[in-house]
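Structure first, then comments.
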Amino acid sequence: MDSSPHGAAVTAEDFGLKGPRGWAFRGVSVAARPGALVAVEGPSGSGRTCLLLALTGRMRPTEGHAEVGGLRLPKKMAAVRRMSALGPVTGVNELDPAFTVAEHLRERALLQRRLDGSLRALLRPRAVRAAEARARIDAALDAAGLDLETLPKGARTSVRDLERLEGLRLSVGLALMGRPRLLAVDDMDLKLSDAERAQAWELLRSVARGGTTVLAVCSEAPDDALRVTTGTEGATGTAPEPEPEPEPEPESEPRDGTEADSEAGPETDTETRTDTEEGADDAIAETGRA
C-alpha cells in the first residue's frame, strides 16, 4: 500500500478499456509519484477522458492493470473513487448553470459533511457545523484561487455568468472540498486564451505543490508535466526531461468566499467533442458509471 499521507501515486501498465465499438484506449503505461502533475494529451477521440475516468475508479478497464494510492484497479474501484475527485467532466460531473456560486458551495459543504462526518459530528451545534463548513469553503476557494469579490454579483453570481476560467476554478474548488488525494480535470484548456491557459496550469501546479496528485486532460501539455499520450498503443507516461547543466565557460570570460449555512459550472461548451462521444459513452454504457 502507498504510505503517502496525502497525494496518491498513480501507476499503470498496458492499461486499456474496450467498449462496444472498439478500444477507447489501449496500451497505456504511466508511473507518477504522489503530488505529480500528470497531463493526458492526444488527438480528439483517442480516449483521454475514458483514461481519466478509469484511473479514478469510475470506468472499469478491460486489460492491463493500474494502481492508485496502492489500490489496484479494477478490484478496488470503490476505494479509488473515495480518494479521488473530479473537476469538470462533460456528461459526468458538470456545474449546474442555474445555480449560483454560493448555492454550489453550500450544497457541496453539506454533502461533504454528511459523507465525512461521524454521527457525533453531525449532532454538533449548528453554529459549530456552520463554522466548519465556512472554513472548508474558504480553504477550497483559496486553493482554487477564486476570489468571490471579483465576480459580477459576488457569491450570488450564476454559474452561467462565469467566465470559462472562473468556472474551472469553481469546479476545482468544489472538488478540493473533499480533500482528495487525486484530482482529475477534463479538457482543462478548452476554449482558453493563451494567458488563461497559463493561469489554469499554474492553478493545477499549485494544487500539486500542495501534495494532491493532479491528472489533467489537455490539448497540449506543459514542459514540466509528466505526459501520458493516448491514441497509439504502447502509450507511456514520460516525465519532463531535466534541464542540461550549463557547460563551463572559459576562465578568461566573465560569468554572468460566501456565508456558509451547514443546514442546507459554467454552461457546457457546445463545441463538438468526440473524446467522450463514441469512446466514453459506449464504455460508460457497458461498464456503468459510479
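How things are named: the first chain in the C-alpha cells is A, the next is B, and so on; residues count from 1 in each chain; ligands count from 1 in the order shown.
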
Exercise for review: Report the residues of region 34-262 of chain A whose backbone DSSP state falls under helix (DSSP H, G or I), written as a ChimeraX atom specification.
Suggested key: /A:48-55,77-83,101-116,119-122,126-144,148-150,154-156,159-161,164-176,194-209

Point to revise | Nearest residue to Ala144 (chain A) from the set A:Thr100, A:Thr230, A:Gln199, A:Ser46 (distances using only C-alpha atoms) | key: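 Once distances to Ala144 (chain A) are computed over only C-alpha atoms, the minimum belongs to A:Gln199.
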
Practice item. Go through A:Ala216, A:Gly210, A:His65, A:Ala198 one by one, measure the shortest atom-to-atom distance of each to Arg181 (chain A) using only C-alpha atoms, and give the residue with the smallest value. Key: A:Gly210

Check your understanding: Which parts of region 92-251 of chain A does DSSP call strand (DSSP E or B) when run on the backbone here, written out as number ranges by chain?
Key -> A: 93, 100, 158, 182-185, 213-217, 226-229, 236, 238

Practice item. Find the spatial neighbours of Thr11 (chain A), counting only C-alpha atoms, within a cut-off of 7 Å - ignore same-chain residues fewer than 4 positions away - and output them as a list in words. Key: Val30, Ala31, Ala32, Ala66, Glu67 and Val68 of chain A

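Residue nearest Gly173 (chain A), chosen from A:Gly211, A:Pro222, A:Pro88, A:Pro97 and counting only C-alpha atoms: A:Pro88.
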
Could the residues of region 177-221 of chain A that have an atom at most 9 Å from region 50-54 of chain A be listed as CSV, each with its closest atom pair and the distance in Å to one decimal, counting only C-alpha atoms and ordered by chain and ascending residue number?
residue,atom,partner,partner_atom,distance
A:Ala184,CA,A:Leu52,CA,6.7
A:Val185,CA,A:Leu52,CA,8.1
A:Asp186,CA,A:Leu52,CA,7.6
A:Leu215,CA,A:Leu52,CA,7.2
A:Ala216,CA,A:Leu52,CA,7.9
A:Val217,CA,A:Leu52,CA,7.4

Practice item. Could you check how far CA of Ala133 (chain A) sits from CA of Ser84 (chain A), in Å to one decimal? Key: 20.2 Å

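You will find CA of Arg197 (chain A) at 14.3 Å from CA of Gly145 (chain A).
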
Exercise for review: For each of A:Leu165, A:Leu174, A:Val40, A:Leu204, take the minimum atom-to-atom distance to Leu192 (chain A), counting only C-alpha atoms, then give the residue where this is smallest.
Suggested key: A:Leu165

I'd like a table as JSON lines: residues in region 193-224 of chain A with an atom no more than 10 Å from region 167-172 of chain A, each row giving the shortest atom pair and its distance in Å to one decimal, only C-alpha atoms counted, sorted by chain and rising residue number.
{"residue": "A:Ala200", "atom": "CA", "partner": "A:Leu168", "partner_atom": "CA", "distance": 8.0}
{"residue": "A:Leu203", "atom": "CA", "partner": "A:Arg169", "partner_atom": "CA", "distance": 8.1}
{"residue": "A:Leu204", "atom": "CA", "partner": "A:Val172", "partner_atom": "CA", "distance": 8.9}
{"residue": "A:Val207", "atom": "CA", "partner": "A:Val172", "partner_atom": "CA", "distance": 9.3}

Let's have the selection written as a compact mmCIF listing (two decimals), in the first residue's frame, with N, CA, C and O atoms.
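Output file again27.txt is given in full below:
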# COMPACT_ATOMS: atom_id res chain seq x y z
N ALA A 200 -4.46 28.63 -15.78
CA ALA A 200 -5.06 27.34 -15.43
C ALA A 200 -3.98 26.33 -15.04
O ALA A 200 -4.13 25.60 -14.06
N LEU A 203 -2.67 27.11 -11.66
CA LEU A 203 -3.60 26.64 -10.65
C LEU A 203 -3.35 25.17 -10.34
O LEU A 203 -3.25 24.77 -9.17
N LEU A 204 -3.25 24.33 -11.37
CA LEU A 204 -3.04 22.90 -11.15
C LEU A 204 -1.66 22.62 -10.56
O LEU A 204 -1.51 21.70 -9.75
N VAL A 207 -1.97 23.19 -6.85
CA VAL A 207 -2.65 22.07 -6.20
C VAL A 207 -1.67 20.91 -6.01
O VAL A 207 -1.61 20.28 -4.95

Check your understanding: Which is closer to Asn93 (chain A) than all the others in A:Ser29, A:Glu163, A:Ala175, A:Ser158, using only C-alpha atoms?
Key -> A:Ala175

**Study point:** Gap from CA of Leu162 (chain A) to CA of Phe99 (chain A) - Å, one decimal
**Key:**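 So the answer is 11.2 Å.
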
Check your understanding: Using only C-alpha atoms, which of the listed residues (A:Arg126, A:Arg114, A:Lys75, A:Arg106) sits closest to Pro61 (chain A)?
Key ->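 The closest residue to Pro61 (chain A) is A:Lys75.
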